[in-house]
Every structure is written in C-alpha cells, then in structure tokens.
Amino acid sequence: MSQPALTPVAVPDQEYLSPGMYSCPGCMAALAMRHVLKAMGPNTIIALTTGCWAVIDGPFPYTSVKVPLLHGAFGTAASMARGLRAALDIQGRDDVQVLAWGGDGATFDIGMTALSAAAAYNENVLYVCYDNEAYMNTGGQQSTATLPGVRTTTTTESRLLGIRKKNIVEIMAAHRIPFAATASIGYLDDLQRKVQYARSLKGFKFIHIHTPCPTGWQLPPDEGVRIARLAVRARIHPLYHVLDGQQYVIDLNPDPIPVRQYFETQRRRLLPLSEEELAWIQQDVDQQWQTLLIRSQCAAGPGGSESVR
Ligand SMILES: Cc1ncc(C[n+]2csc(CCOP(=O)(O)OP(=O)(O)O)c2C)c(N)n1
Ligand SMILES: [Mg+2]
C-alpha cells in the first residue's frame, strides 16, 4: 500500500447511513458499513446478501443506506456484484464502484463458490465480509468462521482439536487477486486506509473485517470495539494485507496477549476447554503468526511495536 501503516487518514464527514437503523445497540456490522461507505464515497452500489445487514437496512421500500442497494438471496453477493459490474461497464460507468457485502456465513460457507468465481475472473469489485463468527441473524449457528472453543447453538462439543477457523484471506490471496486484507472494527484508521486503497485498484479486492456482535456474544453494547482490539492483540485476527497473492504486509503488531486472556474476556458461551485444547489453540495461533512473519519477511520487535512496516 502506498501509505505507511496506520498513518491517520482523512475520514470524510459525510454519512451514508441514516439514524434509526434496525441494528441492535452497539452493532459492529453497522459501524463497519458506516466506515466502509465513508471511504467508498457516494458513487457506490451495494450488492447485499442475506444476513443481519438485510435487516439493518430496513424493510422495502425504506432503507437506511444513502447509496443504491440491491438485496439478493443468501450467498449471492459476489454473483450480484458481477452482474452489476457488467451492467455498469456496458454503460461506461467507470466512476461507479460496486461493493459486495456479506456476513461470515454468507462468505466463508454458502457464497464461497460464487466468491471464488468472481475472484478467479478478477471482477472489478470490492467484496467486504463482516465477520461476527456465526449465523447471527438466525440465532447464532456455527459457521466455518466460528473461533474454536466458542459454543454456538449448533456446536458439536466432542470435536474441538483439529477444527480451525477457515482462513478466508489466504483462500482469497491464493486467487492472486490484487488485494486481500484483514481489518478490524477496533482499528478504524487501518480499515479506512484499506478501503480507500482497495477502491483505487482495478480487479477483485477482498477485505475481511472482524466485527464482534454484542447481541450474539452477550457483550454490553459499548464493548465491541474493545473486544475486537483484544482479538488483534491475541493474534487471533492479525491485521495484514496481501498484494497480488504474493506480497505480504503486516499492518499492526501491538503488544501480544495470550489466547487464554482473550478467552477470559468472552461473555459468549465457551466450551469447557482443557489445558491441552487451550494449548493447541495457542500453538495454532502462534504458528499462523510465524507464517505471516516469514511471508512478510519482517521481524517483530521483542515488545511488539505499533507497526512493523
Ligand atoms: C438459502 C438460505 N438458507 C438459509 C437462510 C436463512 N438465513 C438468513 S440470514 C442467515 C444467517 C447469515 O449469517 P451470516 O452470513 O454470518 O450473517 P449474520 O447474520 O451473522 O449477519 C441465515 C442462515 C436463507 N435466508 N436462505
Ligand atoms: Mg455472521
């Protein structure tokens, strides 16, 4: 990316969400949309798949979003975005950006086929996945984005060791798309910069935003941002981006905390984790971080630093 990591960015004053949305108090997915749209600007069309956001937006003919929005079936954000992009291209509307928007269930699971195809064909759209680690709109069922150790309404207790959260950014990077990145609702500067950068690129861009869900995670409404930051510090959700599937950059390297400490902050239901299971999760997180370090060919300072760029 052209700017150094986490340099302050100009966040536009303009708001593209109306007050009085249908989100739960403290909804991090709503905050994510608010900031992504600020970075995208008014010439944006949203391809929205089913999930909480299809409710937040409001019932037709009302909408809480001040840009055009197409609401489609579950898992179809990438397909809708391709159609919109093709129609805009026929009209010569290079000035209009297409934003595909889906939750973790719609992206990691149900929409994966359409998502992979859109990435493989390098369609000129930005796909944003807001990840609350479950199918929240239907009551919190397990998705392949659910953190191991978290008990959802459909978690099978006997199977923990060996089950991992799907690494969606690695999957997208393997398509060699121009830009694949993680982001967090706890670090809005980083999110703004990534969206602004992504919209300047042609081709398929993917951003995976970690958005803890106060309702589903049983958090007070003002706790979402703090918990999101702790997930970054625990390296459960490290902040990095990958250019063309090859160039890895770690965007933030804050003082790490152990996974155990992150789990202790959780109010959502957890499995009764044995020491062996906790150690396995920590080992897995450490291994993934080491892989990131090697790929980005940079060394973390002993105490951590705000940025390793
Ligand atoms: C084909 C189909 N299957 C199931 C549903 C029911 N459904 C609606 S929203 C939803 C959960 C979406 O989860 P996610 O994509 O993670 O978004 P979130 O609700 O967490 O915002 C489900 C299962 C549906 N609408 N269509
Ligand atoms: Mg979800």
# chains A, B, ... in the order shown; residues from 1 in each chain; ligands from 1

call {"tool": "residues_around", "arguments": {"residues": "region 28-41 of chain A", "least_positions_apart": "6", "cutoff": "8 Å", "atoms": "only C-alpha atoms", "output": "list in words"}}
result
Val11, Pro12, Asp13, Gln14, Glu15, Tyr16, Leu17, Trp53, Ile56, Gln97, Tyr130, Asn132, Ile185, Leu188, Leu191, Gln192, Arg193, Val195, Gln196, Arg199, Ile209, Thr211, Pro212, Cys213, Pro214, Gly224 and Val225 of chain A

call {"tool": "write_last_selection", "arguments": {"atoms": "N, CA and C atoms", "output": "mmCIF file, in the first residue's frame"}}
result
data_model
loop_
_atom_site.group_PDB
_atom_site.id
_atom_site.type_symbol
_atom_site.label_atom_id
_atom_site.label_comp_id
_atom_site.auth_asym_id
_atom_site.auth_seq_id
_atom_site.Cartn_x
_atom_site.Cartn_y
_atom_site.Cartn_z
ATOM 1 N N VAL A 11 -10.909 11.034 7.408
ATOM 2 C CA VAL A 11 -12.195 10.329 7.387
ATOM 3 C C VAL A 11 -13.266 11.338 6.974
ATOM 4 N N PRO A 12 -13.909 11.108 5.840
ATOM 5 C CA PRO A 12 -14.900 12.085 5.383
ATOM 6 C C PRO A 12 -16.006 12.296 6.411
ATOM 7 N N ASP A 13 -16.471 13.548 6.515
ATOM 8 C CA ASP A 13 -17.572 13.859 7.435
ATOM 9 C C ASP A 13 -18.895 13.279 6.938
ATOM 10 N N GLN A 14 -18.989 13.148 5.640
ATOM 11 C CA GLN A 14 -20.250 12.718 5.032
ATOM 12 C C GLN A 14 -20.699 11.363 5.595
ATOM 13 N N GLU A 15 -21.967 11.266 5.933
ATOM 14 C CA GLU A 15 -22.523 9.997 6.425
ATOM 15 C C GLU A 15 -23.413 9.391 5.340
ATOM 16 N N TYR A 16 -23.319 8.082 5.163
ATOM 17 C CA TYR A 16 -24.154 7.394 4.180
ATOM 18 C C TYR A 16 -25.153 6.445 4.845
ATOM 19 N N LEU A 17 -25.198 6.475 6.174
ATOM 20 C CA LEU A 17 -26.226 5.719 6.894
ATOM 21 C C LEU A 17 -27.140 6.707 7.597
ATOM 22 N N TRP A 53 -27.421 -7.746 7.991
ATOM 23 C CA TRP A 53 -27.473 -6.464 7.290
ATOM 24 C C TRP A 53 -28.723 -6.299 6.431
ATOM 25 N N ILE A 56 -30.860 -4.787 9.001
ATOM 26 C CA ILE A 56 -30.403 -3.449 9.412
ATOM 27 C C ILE A 56 -30.834 -2.413 8.385
ATOM 28 N N GLN A 97 -18.487 2.455 -8.223
ATOM 29 C CA GLN A 97 -17.849 1.286 -7.621
ATOM 30 C C GLN A 97 -18.912 0.300 -7.161
ATOM 31 N N TYR A 130 -18.142 -8.988 6.723
ATOM 32 C CA TYR A 130 -18.134 -8.647 8.155
ATOM 33 C C TYR A 130 -18.320 -9.951 8.925
ATOM 34 N N ASN A 132 -18.878 -11.900 12.315
ATOM 35 C CA ASN A 132 -19.266 -11.973 13.731
ATOM 36 C C ASN A 132 -19.206 -13.414 14.237
ATOM 37 N N ILE A 185 -12.832 -3.853 13.350
ATOM 38 C CA ILE A 185 -13.651 -2.713 13.758
ATOM 39 C C ILE A 185 -12.968 -1.971 14.917
ATOM 40 N N LEU A 188 -10.125 1.599 13.144
ATOM 41 C CA LEU A 188 -10.863 2.220 12.035
ATOM 42 C C LEU A 188 -9.941 2.941 11.059
ATOM 43 N N LEU A 191 -8.801 0.333 8.724
ATOM 44 C CA LEU A 191 -9.918 -0.040 7.846
ATOM 45 C C LEU A 191 -10.125 1.022 6.759
ATOM 46 N N GLN A 192 -10.146 2.287 7.162
ATOM 47 C CA GLN A 192 -10.337 3.373 6.201
ATOM 48 C C GLN A 192 -9.264 3.329 5.114
ATOM 49 N N ARG A 193 -8.019 3.179 5.555
ATOM 50 C CA ARG A 193 -6.919 3.183 4.583
ATOM 51 C C ARG A 193 -7.058 2.025 3.609
ATOM 52 N N VAL A 195 -9.789 0.391 2.682
ATOM 53 C CA VAL A 195 -10.890 0.567 1.725
ATOM 54 C C VAL A 195 -10.506 1.623 0.687
ATOM 55 N N GLN A 196 -9.901 2.715 1.152
ATOM 56 C CA GLN A 196 -9.505 3.761 0.209
ATOM 57 C C GLN A 196 -8.496 3.215 -0.806
ATOM 58 N N ARG A 199 -10.272 0.703 -3.287
ATOM 59 C CA ARG A 199 -11.120 1.314 -4.312
ATOM 60 C C ARG A 199 -10.283 1.972 -5.413
ATOM 61 N N ILE A 209 -13.432 -8.098 7.691
ATOM 62 C CA ILE A 209 -13.478 -7.252 8.890
ATOM 63 C C ILE A 209 -14.014 -8.041 10.081
ATOM 64 N N THR A 211 -15.881 -8.239 13.299
ATOM 65 C CA THR A 211 -16.912 -7.399 13.917
ATOM 66 C C THR A 211 -17.620 -8.176 15.036
ATOM 67 N N PRO A 212 -17.057 -8.186 16.252
ATOM 68 C CA PRO A 212 -17.763 -8.847 17.358
ATOM 69 C C PRO A 212 -19.203 -8.335 17.454
ATOM 70 N N CYS A 213 -20.090 -9.232 17.839
ATOM 71 C CA CYS A 213 -21.529 -8.929 17.824
ATOM 72 C C CYS A 213 -22.018 -8.848 19.275
ATOM 73 N N PRO A 214 -22.269 -7.646 19.803
ATOM 74 C CA PRO A 214 -22.686 -7.541 21.207
ATOM 75 C C PRO A 214 -23.875 -8.444 21.542
ATOM 76 N N GLY A 224 -17.888 -3.812 21.976
ATOM 77 C CA GLY A 224 -17.470 -4.466 20.737
ATOM 78 C C GLY A 224 -16.088 -4.054 20.263
ATOM 79 N N VAL A 225 -15.812 -2.758 20.327
ATOM 80 C CA VAL A 225 -14.528 -2.263 19.828
ATOM 81 C C VAL A 225 -13.380 -2.806 20.686
#

call {"tool": "residues_near_ligand", "arguments": {"ligand": "ligand 1", "cutoff": "10 Å", "atoms": "only C-alpha atoms and all ligand atoms", "output": "number ranges by chain"}}
result
A: 29-30, 49-56, 72-76, 101-111, 129-146, 211-213, 216

call {"tool": "select_by_dssp", "arguments": {"residues": "region 49-267 of chain A", "states": "alpha helix (DSSP H)", "output": "number ranges by chain"}}
result
A: 52-56, 77-90, 104, 112-120, 168-173, 188-199, 224-233, 259-264

call {"tool": "write_last_selection", "arguments": {"atoms": "C-alpha atoms", "output": "compact mmCIF listing (two decimals), in the first residue's frame"}}
result
# COMPACT_ATOMS: atom_id res chain seq x y z
CA CYS A 52 -28.17 -9.24 9.74
CA TRP A 53 -27.47 -6.46 7.29
CA ALA A 54 -30.54 -7.31 5.25
CA VAL A 55 -32.49 -6.45 8.39
CA ILE A 56 -30.40 -3.45 9.41
CA ALA A 77 -23.25 -11.05 -3.05
CA ALA A 78 -20.44 -11.93 -5.44
CA SER A 79 -22.81 -13.01 -8.24
CA MET A 80 -24.91 -9.86 -7.86
CA ALA A 81 -21.79 -7.73 -7.85
CA ARG A 82 -20.60 -9.31 -11.10
CA GLY A 83 -23.94 -8.58 -12.75
CA LEU A 84 -23.94 -5.00 -11.52
CA ARG A 85 -20.37 -4.50 -12.69
CA ALA A 86 -21.15 -5.88 -16.15
CA ALA A 87 -24.17 -3.60 -16.50
CA LEU A 88 -22.18 -0.56 -15.38
CA ASP A 89 -19.34 -1.42 -17.76
CA ILE A 90 -21.77 -1.61 -20.69
CA ASP A 104 -19.21 -14.78 7.52
CA MET A 112 -17.89 -19.49 -1.37
CA THR A 113 -18.48 -20.84 -4.89
CA ALA A 114 -19.68 -17.51 -6.27
CA LEU A 115 -16.98 -15.67 -4.35
CA SER A 116 -14.23 -17.87 -5.73
CA ALA A 117 -15.51 -17.48 -9.28
CA ALA A 118 -15.66 -13.69 -9.02
CA ALA A 119 -12.11 -13.65 -7.66
CA ALA A 120 -10.83 -16.07 -10.29
CA ILE A 168 -10.52 -16.78 4.26
CA VAL A 169 -7.84 -14.21 3.40
CA GLU A 170 -5.38 -16.96 2.49
CA ILE A 171 -8.02 -18.54 0.27
CA MET A 172 -8.66 -15.22 -1.45
CA ALA A 173 -4.95 -14.43 -1.74
CA LEU A 188 -10.86 2.22 12.03
CA ASP A 189 -7.86 4.10 10.63
CA ASP A 190 -6.49 0.87 9.23
CA LEU A 191 -9.92 -0.04 7.85
CA GLN A 192 -10.34 3.37 6.20
CA ARG A 193 -6.92 3.18 4.58
CA LYS A 194 -7.55 -0.30 3.27
CA VAL A 195 -10.89 0.57 1.72
CA GLN A 196 -9.50 3.76 0.21
CA TYR A 197 -6.60 1.81 -1.23
CA ALA A 198 -8.79 -1.04 -2.48
CA ARG A 199 -11.12 1.31 -4.31
CA GLY A 224 -17.47 -4.47 20.74
CA VAL A 225 -14.53 -2.26 19.83
CA ARG A 226 -12.52 -3.27 22.91
CA ILE A 227 -13.04 -6.98 22.27
CA ALA A 228 -12.12 -6.53 18.59
CA ARG A 229 -8.84 -4.93 19.63
CA LEU A 230 -8.10 -7.79 22.01
CA ALA A 231 -8.63 -10.28 19.18
CA VAL A 232 -5.95 -8.46 17.20
CA ARG A 233 -3.60 -8.41 20.18
CA VAL A 259 -5.20 -16.56 23.79
CA ARG A 260 -6.19 -17.56 27.32
CA GLN A 261 -6.52 -13.88 28.25
CA TYR A 262 -8.71 -13.25 25.22
CA PHE A 263 -10.92 -16.18 26.15
CA GLU A 264 -11.26 -14.81 29.68

call {"tool": "residues_around", "arguments": {"residues": "Val242 (chain A)", "least_positions_apart": "4", "cutoff": "6 Å", "atoms": "only C-alpha atoms", "output": "list in words"}}
result
Phe179, Ala180, Gln247 and Tyr248 of chain A

call {"tool": "closest_residue", "arguments": {"among": "A:Arg267, A:His71, A:Lys66, A:His208", "to": "ligand 2", "atoms": "only C-alpha atoms and all ligand atoms"}}
result
A:His208

call {"tool": "atom_distance", "arguments": {"atom1": "atom 1 (Mg, counted along the ligand's line) of ligand 2", "atom2": "CA of Trp217 (chain A)"}}
result
11.4 Å

call {"tool": "decode", "arguments": {"residues": "region 166-205 of chain A", "atoms": "C-alpha atoms", "output": "tab-separated table (two decimals), in the first residue's frame"}}
result
chain	number	residue	atom	x	y	z
A	166	LYS	CA	-11.24	-21.07	7.96
A	167	ASN	CA	-8.50	-18.71	6.80
A	168	ILE	CA	-10.52	-16.78	4.26
A	169	VAL	CA	-7.84	-14.21	3.40
A	170	GLU	CA	-5.38	-16.96	2.49
A	171	ILE	CA	-8.02	-18.54	0.27
A	172	MET	CA	-8.66	-15.22	-1.45
A	173	ALA	CA	-4.95	-14.43	-1.74
A	174	ALA	CA	-4.46	-17.79	-3.44
A	175	HIS	CA	-6.64	-16.45	-6.27
A	176	ARG	CA	-3.83	-13.88	-6.82
A	177	ILE	CA	-6.29	-11.01	-6.60
A	178	PRO	CA	-4.79	-7.51	-6.40
A	179	PHE	CA	-5.72	-7.00	-2.75
A	180	ALA	CA	-6.77	-9.33	0.08
A	181	ALA	CA	-6.76	-7.99	3.63
A	182	THR	CA	-7.93	-8.40	7.16
A	183	ALA	CA	-9.30	-5.42	9.07
A	184	SER	CA	-10.90	-4.89	12.44
A	185	ILE	CA	-13.65	-2.71	13.76
A	186	GLY	CA	-11.20	-1.95	16.58
A	187	TYR	CA	-8.84	-0.15	14.18
A	188	LEU	CA	-10.86	2.22	12.03
A	189	ASP	CA	-7.86	4.10	10.63
A	190	ASP	CA	-6.49	0.87	9.23
A	191	LEU	CA	-9.92	-0.04	7.85
A	192	GLN	CA	-10.34	3.37	6.20
A	193	ARG	CA	-6.92	3.18	4.58
A	194	LYS	CA	-7.55	-0.30	3.27
A	195	VAL	CA	-10.89	0.57	1.72
A	196	GLN	CA	-9.50	3.76	0.21
A	197	TYR	CA	-6.60	1.81	-1.23
A	198	ALA	CA	-8.79	-1.04	-2.48
A	199	ARG	CA	-11.12	1.31	-4.31
A	200	SER	CA	-8.14	2.78	-6.17
A	201	LEU	CA	-7.28	-0.64	-7.64
A	202	LYS	CA	-8.90	-2.38	-10.59
A	203	GLY	CA	-9.87	-6.00	-10.21
A	204	PHE	CA	-11.16	-8.09	-7.32
A	205	LYS	CA	-10.47	-6.81	-3.83
